[in-house]
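Q: Got a file for you: work13.cif, mmCIF, C-alpha atoms.
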data_final
loop_
_atom_site.label_atom_id
_atom_site.label_comp_id
_atom_site.auth_asym_id
_atom_site.auth_seq_id
_atom_site.Cartn_x
_atom_site.Cartn_y
_atom_site.Cartn_z
CA MET A 1 223.80 0.43 118.33
CA LYS A 2 226.38 -0.16 115.59
CA PRO A 3 226.12 -3.77 114.36
CA ASN A 4 228.97 -5.60 112.64
CA TYR A 5 228.56 -8.53 110.24
CA TYR A 6 228.19 -11.26 112.87
CA THR A 7 225.74 -9.50 115.16
CA LEU A 8 223.65 -8.56 112.14
CA LEU A 9 223.68 -12.19 110.95
CA ALA A 10 222.71 -13.41 114.43
CA LEU A 11 219.94 -10.80 114.70
CA LYS A 12 218.44 -11.73 111.34
CA THR A 13 218.66 -15.47 112.09
CA GLY A 14 217.00 -14.98 115.48
CA LEU A 15 214.23 -12.83 114.08
CA LEU A 16 213.47 -15.22 111.20
CA THR A 17 213.49 -18.20 113.58
CA LEU A 18 211.03 -16.40 115.85
CA ILE A 19 208.75 -15.69 112.89
CA TRP A 20 209.04 -19.33 111.82
CA CYS A 21 208.07 -20.51 115.31
CA ALA A 22 205.22 -18.02 115.49
CA LEU A 23 203.77 -19.15 112.18
CA SER A 24 204.21 -22.92 112.58
CA SER A 25 203.67 -23.04 116.40
CA PRO A 26 205.54 -26.32 116.90
CA ASP A 27 205.07 -28.47 120.00
CA ILE A 28 208.63 -28.21 121.36
CA PHE A 29 208.13 -30.96 123.95
CA SER A 30 207.82 -33.69 121.35
CA GLU A 31 210.70 -34.95 119.27
CA SER A 32 209.21 -34.03 115.89
CA GLY A 33 208.37 -30.52 117.16
CA LEU A 34 211.97 -30.05 118.21
CA TRP A 35 213.05 -31.03 114.69
CA ASP A 36 210.66 -28.40 113.33
CA VAL A 37 212.46 -25.70 115.30
CA VAL A 38 215.92 -26.97 114.31
CA MET A 39 215.05 -27.10 110.61
CA GLY A 40 213.49 -23.63 110.91
CA ALA A 41 216.66 -22.27 112.48
CA VAL A 42 218.78 -23.83 109.71
CA ALA A 43 216.54 -22.34 107.00
CA ALA A 44 216.54 -18.96 108.79
CA PHE A 45 220.34 -18.99 109.00
CA THR A 46 220.65 -19.81 105.30
CA VAL A 47 218.36 -16.96 104.30
CA ALA A 48 220.13 -14.52 106.64
CA TRP A 49 223.54 -15.64 105.40
CA LEU A 50 222.58 -15.14 101.75
CA ASN A 51 221.14 -11.70 102.50
CA THR A 52 223.89 -10.14 104.60
CA GLU A 53 226.78 -8.37 102.95
CA ARG A 54 230.06 -9.28 104.57
CA LYS A 55 231.81 -6.09 103.55
CA GLY A 56 228.79 -3.84 103.98
CA VAL A 57 229.21 -0.73 106.08
CA TYR A 58 226.44 -0.43 108.61
CA GLY A 59 225.63 2.88 110.17
CA ALA A 60 224.50 3.21 113.73
CA ILE A 61 220.81 3.50 114.54
CA ARG A 62 219.56 4.77 117.88
CA VAL A 63 216.95 2.09 118.58
CA GLY A 64 215.27 3.81 121.52
CA GLN A 65 214.91 7.07 119.65
CA LEU A 66 213.59 5.20 116.61
CA LEU A 67 210.81 3.66 118.74
CA GLY A 68 209.99 7.08 120.15
CA TYR A 69 209.88 8.46 116.61
CA CYS A 70 207.45 5.68 115.52
CA LEU A 71 205.10 6.56 118.39
CA TRP A 72 205.26 10.27 117.55
CA LEU A 73 204.63 9.47 113.87
CA ALA A 74 201.59 7.34 114.80
CA GLY A 75 200.17 10.31 116.70
CA SER A 76 200.74 12.68 113.81
CA ILE A 77 199.24 10.16 111.33
CA PHE A 78 196.10 10.05 113.48
CA ARG A 79 195.89 13.86 113.74
CA SER A 80 196.27 14.51 110.02
CA GLY A 81 194.00 11.54 109.22
CA CYS A 82 191.21 13.18 111.20
CA HIS A 83 191.97 16.50 109.46
CA LEU A 84 191.76 14.83 106.03
CA SER A 85 188.48 13.09 106.97
CA LEU A 86 186.96 16.45 107.92
CA LEU A 87 188.13 17.90 104.58
CA ILE A 88 186.51 15.03 102.65
CA LEU A 89 183.24 15.20 104.60
CA ASN A 90 182.98 18.99 104.37
CA PRO A 91 180.23 19.79 101.80
CA ARG A 92 182.28 22.69 100.33
CA LEU A 93 185.33 20.41 99.88
CA PRO A 94 187.83 23.12 100.99
CA ILE A 95 190.92 21.54 99.44
CA ASN A 96 193.79 23.45 97.88
CA PRO A 97 196.13 20.86 96.34
CA LYS A 98 199.66 21.97 95.49
CA MET A 99 202.94 20.48 94.34
CA ILE A 100 205.65 21.87 96.55
CA ARG A 101 209.38 21.55 96.10
CA HIS A 102 211.20 20.94 99.34
CA ARG A 103 214.93 20.76 99.92
CA CYS A 104 215.65 18.69 103.01
CA GLU A 105 218.65 19.40 105.18
CA LEU A 106 219.55 15.88 106.25
CA SER A 107 223.07 14.54 106.25
CA ASN A 108 222.57 11.05 104.75
CA ASP A 109 220.44 9.03 102.34
CA SER A 110 218.77 6.79 104.93
CA SER A 111 217.35 9.83 106.72
CA ALA A 112 216.09 11.26 103.42
CA VAL A 113 214.33 7.96 102.60
CA LEU A 114 212.81 7.83 106.10
CA LEU A 115 211.63 11.44 105.66
CA ALA A 116 210.01 10.67 102.27
CA ASN A 117 208.39 7.56 103.77
CA SER A 118 207.04 9.47 106.78
CA ILE A 119 205.66 12.22 104.56
CA THR A 120 203.84 9.64 102.43
CA LEU A 121 202.49 7.80 105.48
CA THR A 122 201.01 11.00 106.88
CA PRO A 123 197.58 11.45 105.25
CA GLY A 124 197.37 14.64 103.19
CA THR A 125 200.95 14.61 101.93
CA ILE A 126 202.55 12.28 99.36
CA THR A 127 206.15 12.33 98.17
CA VAL A 128 206.09 12.42 94.36
CA GLU A 129 209.81 12.47 93.61
CA LEU A 130 212.88 12.01 95.75
CA ASP A 131 216.09 13.06 94.02
CA SER A 132 218.95 12.81 96.53
CA HIS A 133 217.84 15.68 98.77
CA ASP A 134 215.20 17.40 96.67
CA LEU A 135 211.66 16.30 97.36
CA ILE A 136 208.55 17.08 95.37
CA VAL A 137 205.57 16.70 97.66
CA HIS A 138 201.89 16.80 96.73
CA THR A 139 199.83 18.33 99.54
CA ILE A 140 196.07 18.50 99.73
CA ASP A 141 195.64 21.79 101.64
CA ASP A 142 197.60 24.58 103.28
CA SER A 143 197.76 23.00 106.73
CA SER A 144 199.22 19.73 105.39
CA ALA A 145 201.67 21.77 103.29
CA ALA A 146 202.75 23.47 106.51
CA ASP A 147 203.49 20.03 108.02
CA VAL A 148 206.24 19.61 105.41
CA THR A 149 207.57 23.15 105.13
CA ASP A 150 207.97 23.83 108.84
CA ARG A 151 210.53 20.97 108.97
CA HIS A 152 209.46 19.44 112.30
CA ILE A 153 209.62 15.88 110.86
CA GLU A 154 213.15 16.58 109.66
CA ARG A 155 214.29 17.77 113.07
CA LYS A 156 212.95 14.55 114.64
CA ILE A 157 214.73 12.35 112.06
CA ASP A 158 218.03 14.22 112.23
CA GLY A 159 219.17 12.56 115.45
CA LEU A 160 218.19 8.98 114.52
CA PHE A 161 221.11 7.98 112.30
CA SER A 162 224.70 8.79 112.96
CA THR A 163 226.41 10.23 109.91
CA LYS A 164 229.49 8.06 110.26
CA GLY A 165 229.61 5.06 107.95
CA MET A 166 226.62 6.05 105.87
CA SER A 167 226.92 6.98 102.25
CA MET B 1 191.12 -10.45 135.64
CA GLN B 2 187.37 -10.79 135.19
CA TRP B 3 186.90 -7.15 134.15
CA ILE B 4 189.29 -7.44 131.19
CA ASP B 5 187.06 -10.09 129.61
CA SER B 6 183.98 -7.92 130.03
CA VAL B 7 185.72 -4.89 128.51
CA LYS B 8 187.47 -6.70 125.65
CA ASP B 9 184.57 -7.31 123.31
CA PRO B 10 183.02 -3.81 123.44
CA ALA B 11 186.50 -2.29 122.98
CA ALA B 12 187.14 -4.52 119.97
CA MET B 13 183.77 -3.55 118.54
CA ALA B 14 184.45 0.16 119.05
CA LEU B 15 187.85 -0.09 117.33
CA ILE B 16 186.35 -1.98 114.38
CA LEU B 17 183.63 0.67 114.05
CA VAL B 18 186.22 3.48 114.04
CA GLY B 19 188.13 1.57 111.35
CA LEU B 20 184.97 1.16 109.28
CA PHE B 21 184.26 4.90 109.65
CA PHE B 22 187.66 5.77 108.16
CA LEU B 23 187.18 3.21 105.35
CA VAL B 24 183.81 4.76 104.45
CA VAL B 25 185.33 8.26 104.53
CA ALA B 26 188.12 7.07 102.24
CA ALA B 27 185.57 5.62 99.80
CA ILE B 28 183.64 8.91 99.80
CA GLY B 29 186.93 10.71 99.24
CA VAL B 30 187.76 8.57 96.20
CA LEU B 31 184.38 9.51 94.75
CA ARG B 32 184.42 13.23 95.59
CA LEU B 33 188.03 14.32 95.06
CA PRO B 34 188.88 15.74 91.63
CA ASP B 35 192.04 14.01 90.35
CA ILE B 36 194.38 11.06 90.84
CA TYR B 37 196.77 12.91 93.16
CA THR B 38 194.09 13.90 95.65
CA ARG B 39 192.38 10.50 95.36
CA CYS B 40 195.65 8.84 96.34
CA HIS B 41 195.47 10.78 99.63
CA ALA B 42 192.05 9.23 100.29
CA VAL B 43 193.27 5.73 99.43
CA SER B 44 196.24 5.98 101.74
CA LEU B 45 193.89 7.19 104.48
CA ALA B 46 192.01 3.89 104.11
CA ASP B 47 195.23 1.96 104.67
CA SER B 48 196.91 4.00 107.36
CA LEU B 49 193.91 4.60 109.64
CA GLY B 50 190.99 2.44 108.43
CA ALA B 51 192.85 -0.84 108.19
CA PHE B 52 194.89 0.01 111.29
CA PHE B 53 191.86 0.38 113.57
CA LEU B 54 190.13 -2.61 111.96
CA LEU B 55 193.14 -4.85 112.59
CA ALA B 56 193.63 -3.43 116.10
CA GLY B 57 190.04 -4.37 116.90
CA LEU B 58 190.48 -7.83 115.39
CA SER B 59 193.67 -8.39 117.40
CA LEU B 60 191.78 -7.59 120.62
CA HIS B 61 189.13 -10.05 119.55
CA ALA B 62 191.68 -12.72 118.55
CA SER B 63 191.23 -15.92 120.51
CA THR B 64 194.76 -17.35 120.25
CA ASN B 65 198.24 -15.84 120.26
CA MET B 66 198.84 -17.33 116.81
CA VAL B 67 196.13 -15.22 115.22
CA LEU B 68 197.49 -12.18 117.07
CA VAL B 69 200.99 -12.68 115.63
CA LYS B 70 199.59 -13.03 112.12
CA ILE B 71 197.50 -9.86 112.47
CA LEU B 72 200.55 -7.94 113.71
CA ALA B 73 202.52 -9.25 110.71
CA VAL B 74 199.78 -7.97 108.39
CA LEU B 75 199.93 -4.56 110.12
CA VAL B 76 203.71 -4.29 109.74
CA LEU B 77 203.54 -5.26 106.06
CA LEU B 78 200.69 -2.81 105.46
CA TYR B 79 202.66 0.07 106.96
CA LEU B 80 205.72 -0.82 104.88
CA LEU B 81 203.84 -1.26 101.58
CA ASN B 82 201.28 1.55 101.83
CA PRO B 83 203.71 4.48 101.38
CA ALA B 84 205.67 2.64 98.69
CA ILE B 85 202.58 2.00 96.56
CA ALA B 86 201.09 5.47 97.08
CA HIS B 87 204.43 6.99 96.09
CA LEU B 88 204.78 4.77 92.98
CA THR B 89 201.25 5.53 91.76
CA VAL B 90 201.68 9.27 92.13
CA ARG B 91 205.19 9.23 90.66
CA ALA B 92 203.95 7.34 87.60
CA ALA B 93 201.21 9.95 87.13
CA HIS B 94 203.73 12.77 87.55
CA ARG B 95 206.24 11.29 85.10
CA SER B 96 203.62 10.71 82.43
CA GLY B 97 202.87 14.43 82.64
CA LEU B 98 199.49 14.50 84.34
CA LYS B 99 198.73 18.02 85.58
CA PRO B 100 197.51 18.14 89.19
CA TRP B 101 194.11 19.76 89.73
CA SER B 102 194.30 23.11 91.46
CA ARG B 103 191.88 25.78 92.74
CA GLU B 104 193.02 28.37 90.23
CA ASP B 105 192.09 26.28 87.17
CA THR B 106 188.38 26.17 87.90
#
Produce structure tokens that represent the structure in this file.

A:
Amino acid sequence: MKPNYYTLLALKTGLLTLIWCALSSPDIFSESGLWDVVMGAVAAFTVAWLNTERKGVYGAIRVGQLLGYCLWLAGSIFRSGCHLSLLILNPRLPINPKMIRHRCELSNDSSAVLLANSITLTPGTITVELDSHDLIVHTIDDSSAADVTDRHIERKIDGLFSTKGMS
Amino acid sequence: MQWIDSVKDPAAMALILVGLFFLVVAAIGVLRLPDIYTRCHAVSLADSLGAFFLLAGLSLHASTNMVLVKILAVLVLLYLLNPAIAHLTVRAAHRSGLKPWSREDT
């Protein structure tokens, strides 16, 4: 999906209106409830309009693949969370913390940010610095260090964003 | 749909207990781990798994759709803010020159 200015504006307005309706739960069958929704839509449009760049260049995102990636990430968060819990509960505390320098091979900035975010979300690894494509990652033991260095997160992210139109 | 109602409450309770387990483990981790970098791992475990299971259990238990939507909003915000704050804490420690604890030092 490659959104232009108007579809992006419409998407943001729709989403904000939905959130408005969810949080205020108006009674749409009465006249005052209808006004609630209308005023919400107007406010949502204003906010979306102020926060959308007309000349911005928007890269394409593969929405289906992104959802699949989120599910895969949830699974890997759970796995490494259990691993970290076992480390903490182990009486010998078998940790081996290290700072590792990792150069990611991703084509654009959005993917690099998503990679740094995913690494931080996974228990046992935290991104310390992100300097264009050089990451410094703090890892708590050798198996969580292997999660970063064997590049399987990177390979998953690589297909999510198209390189065209991204800086 | 009678069986869903009979399963819902025990399932919610089980999820909340799993969440509490991870929160307790995270608290133990904050106490046992040696330095700020490793303690940050424990704190982010509390957010990413502990709070996740707790809120999942609460959303099963939620009586109205309204409460459900609000709990889901909290979850989304938590997952957006947790990595940002963990990263900022650790980066601040790194930039002020704090040496990470390692096996070889002791």

Q: Please check which residues have atoms at most 7 Å from (199.9, 9.1, 110.0) in the file's coordinates, counting all atoms listed in the file, and write them as JSON, numbers by chain.

A: {"A": [73, 74, 75, 76, 77, 78, 80, 81, 121, 122, 123], "B": [48]}

Q: Mind pulling up the distance from atom CA of A:Gly68 to atom CA of B:Ile4?

A: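 Atom CA of A:Gly68 lies at a distance of 27.6 Å from atom CA of B:Ile4.
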
Q: Neighbours of B:Asp5 within 12 Å (only C-alpha atoms; same-chain residues fewer than 4 positions away dropped), as a PyMOL selection string?

A: chain B and resi 1+9-12+60-61+63

Q: Can you measure atom CA of B:Arg95 to atom CA of B:Thr38 for me? One decimal in Å is fine.

A: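 Result for atom CA of B:Arg95 versus atom CA of B:Thr38: 16.3 Å, one decimal.
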
Q: Running the PyMOL selection byres ((chain A and resi 88) around 12) on this model by hand, what would come out? Give it as a ChimeraX atom specification.

A: /A:81-87,89-95,123-124,140-141 /B:22,24-34,38-39,41-43,45

Q: With C-alpha atoms retained, export the selected residues as an mmCIF file, keeping the file's coordinate frame.

A:
data_model
loop_
_atom_site.group_PDB
_atom_site.id
_atom_site.type_symbol
_atom_site.label_atom_id
_atom_site.label_comp_id
_atom_site.auth_asym_id
_atom_site.auth_seq_id
_atom_site.Cartn_x
_atom_site.Cartn_y
_atom_site.Cartn_z
ATOM 1 C CA GLY A 81 194.000 11.540 109.220
ATOM 2 C CA CYS A 82 191.210 13.180 111.200
ATOM 3 C CA HIS A 83 191.970 16.500 109.460
ATOM 4 C CA LEU A 84 191.760 14.830 106.030
ATOM 5 C CA SER A 85 188.480 13.090 106.970
ATOM 6 C CA LEU A 86 186.960 16.450 107.920
ATOM 7 C CA LEU A 87 188.130 17.900 104.580
ATOM 8 C CA LEU A 89 183.240 15.200 104.600
ATOM 9 C CA ASN A 90 182.980 18.990 104.370
ATOM 10 C CA PRO A 91 180.230 19.790 101.800
ATOM 11 C CA ARG A 92 182.280 22.690 100.330
ATOM 12 C CA LEU A 93 185.330 20.410 99.880
ATOM 13 C CA PRO A 94 187.830 23.120 100.990
ATOM 14 C CA ILE A 95 190.920 21.540 99.440
ATOM 15 C CA PRO A 123 197.580 11.450 105.250
ATOM 16 C CA GLY A 124 197.370 14.640 103.190
ATOM 17 C CA ILE A 140 196.070 18.500 99.730
ATOM 18 C CA ASP A 141 195.640 21.790 101.640
ATOM 19 C CA PHE B 22 187.660 5.770 108.160
ATOM 20 C CA VAL B 24 183.810 4.760 104.450
ATOM 21 C CA VAL B 25 185.330 8.260 104.530
ATOM 22 C CA ALA B 26 188.120 7.070 102.240
ATOM 23 C CA ALA B 27 185.570 5.620 99.800
ATOM 24 C CA ILE B 28 183.640 8.910 99.800
ATOM 25 C CA GLY B 29 186.930 10.710 99.240
ATOM 26 C CA VAL B 30 187.760 8.570 96.200
ATOM 27 C CA LEU B 31 184.380 9.510 94.750
ATOM 28 C CA ARG B 32 184.420 13.230 95.590
ATOM 29 C CA LEU B 33 188.030 14.320 95.060
ATOM 30 C CA PRO B 34 188.880 15.740 91.630
ATOM 31 C CA THR B 38 194.090 13.900 95.650
ATOM 32 C CA ARG B 39 192.380 10.500 95.360
ATOM 33 C CA HIS B 41 195.470 10.780 99.630
ATOM 34 C CA ALA B 42 192.050 9.230 100.290
ATOM 35 C CA VAL B 43 193.270 5.730 99.430
ATOM 36 C CA LEU B 45 193.890 7.190 104.480
#

Q: Kindly resolve the PyMOL selection byres ((chain A and resi 97) around 9) on the present coordinates and return the residues as a PyMOL selection string.

A: (chain A and resi 95-96+98-99+138-142+145) or (chain B and resi 37-38+100-103)

Q: Which of these residues is nearest to chain B, using only C-alpha atoms: A:Ile100, A:Thr52, A:Leu8, A:Gly14?

A: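 Ranking A:Ile100, A:Thr52, A:Leu8, A:Gly14 by distance to chain B, first place goes to A:Ile100.
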
Q: Calculated over all atoms listed in the file, which of the candidates A:Glu129, A:Tyr5, A:Arg79, A:Leu106 has the smallest distance to B:Leu49?

A: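 Nearest to B:Leu49: A:Arg79.
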
Q: Please evaluate the PyMOL selection byres ((chain A and resi 152) around 12) against the structure above and give the resulting residues as a ChimeraX atom specification.

A: /A:69,72-73,76,104-105,115,118-119,146-151,153-158

Q: Would you please work out which residue, of B:Ser59, B:Ala51, B:Ala46, B:Leu77, is nearest to chain A when using only C-alpha atoms?

A: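 Of B:Ser59, B:Ala51, B:Ala46, B:Leu77, the one nearest chain A is B:Ala46, counting only C-alpha atoms.
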
Q: Quick one, how far is atom CA of B:Leu98 from atom CA of A:His102?

A: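 Taking atom CA of B:Leu98 and atom CA of A:His102, their separation equals 20.1 Å.
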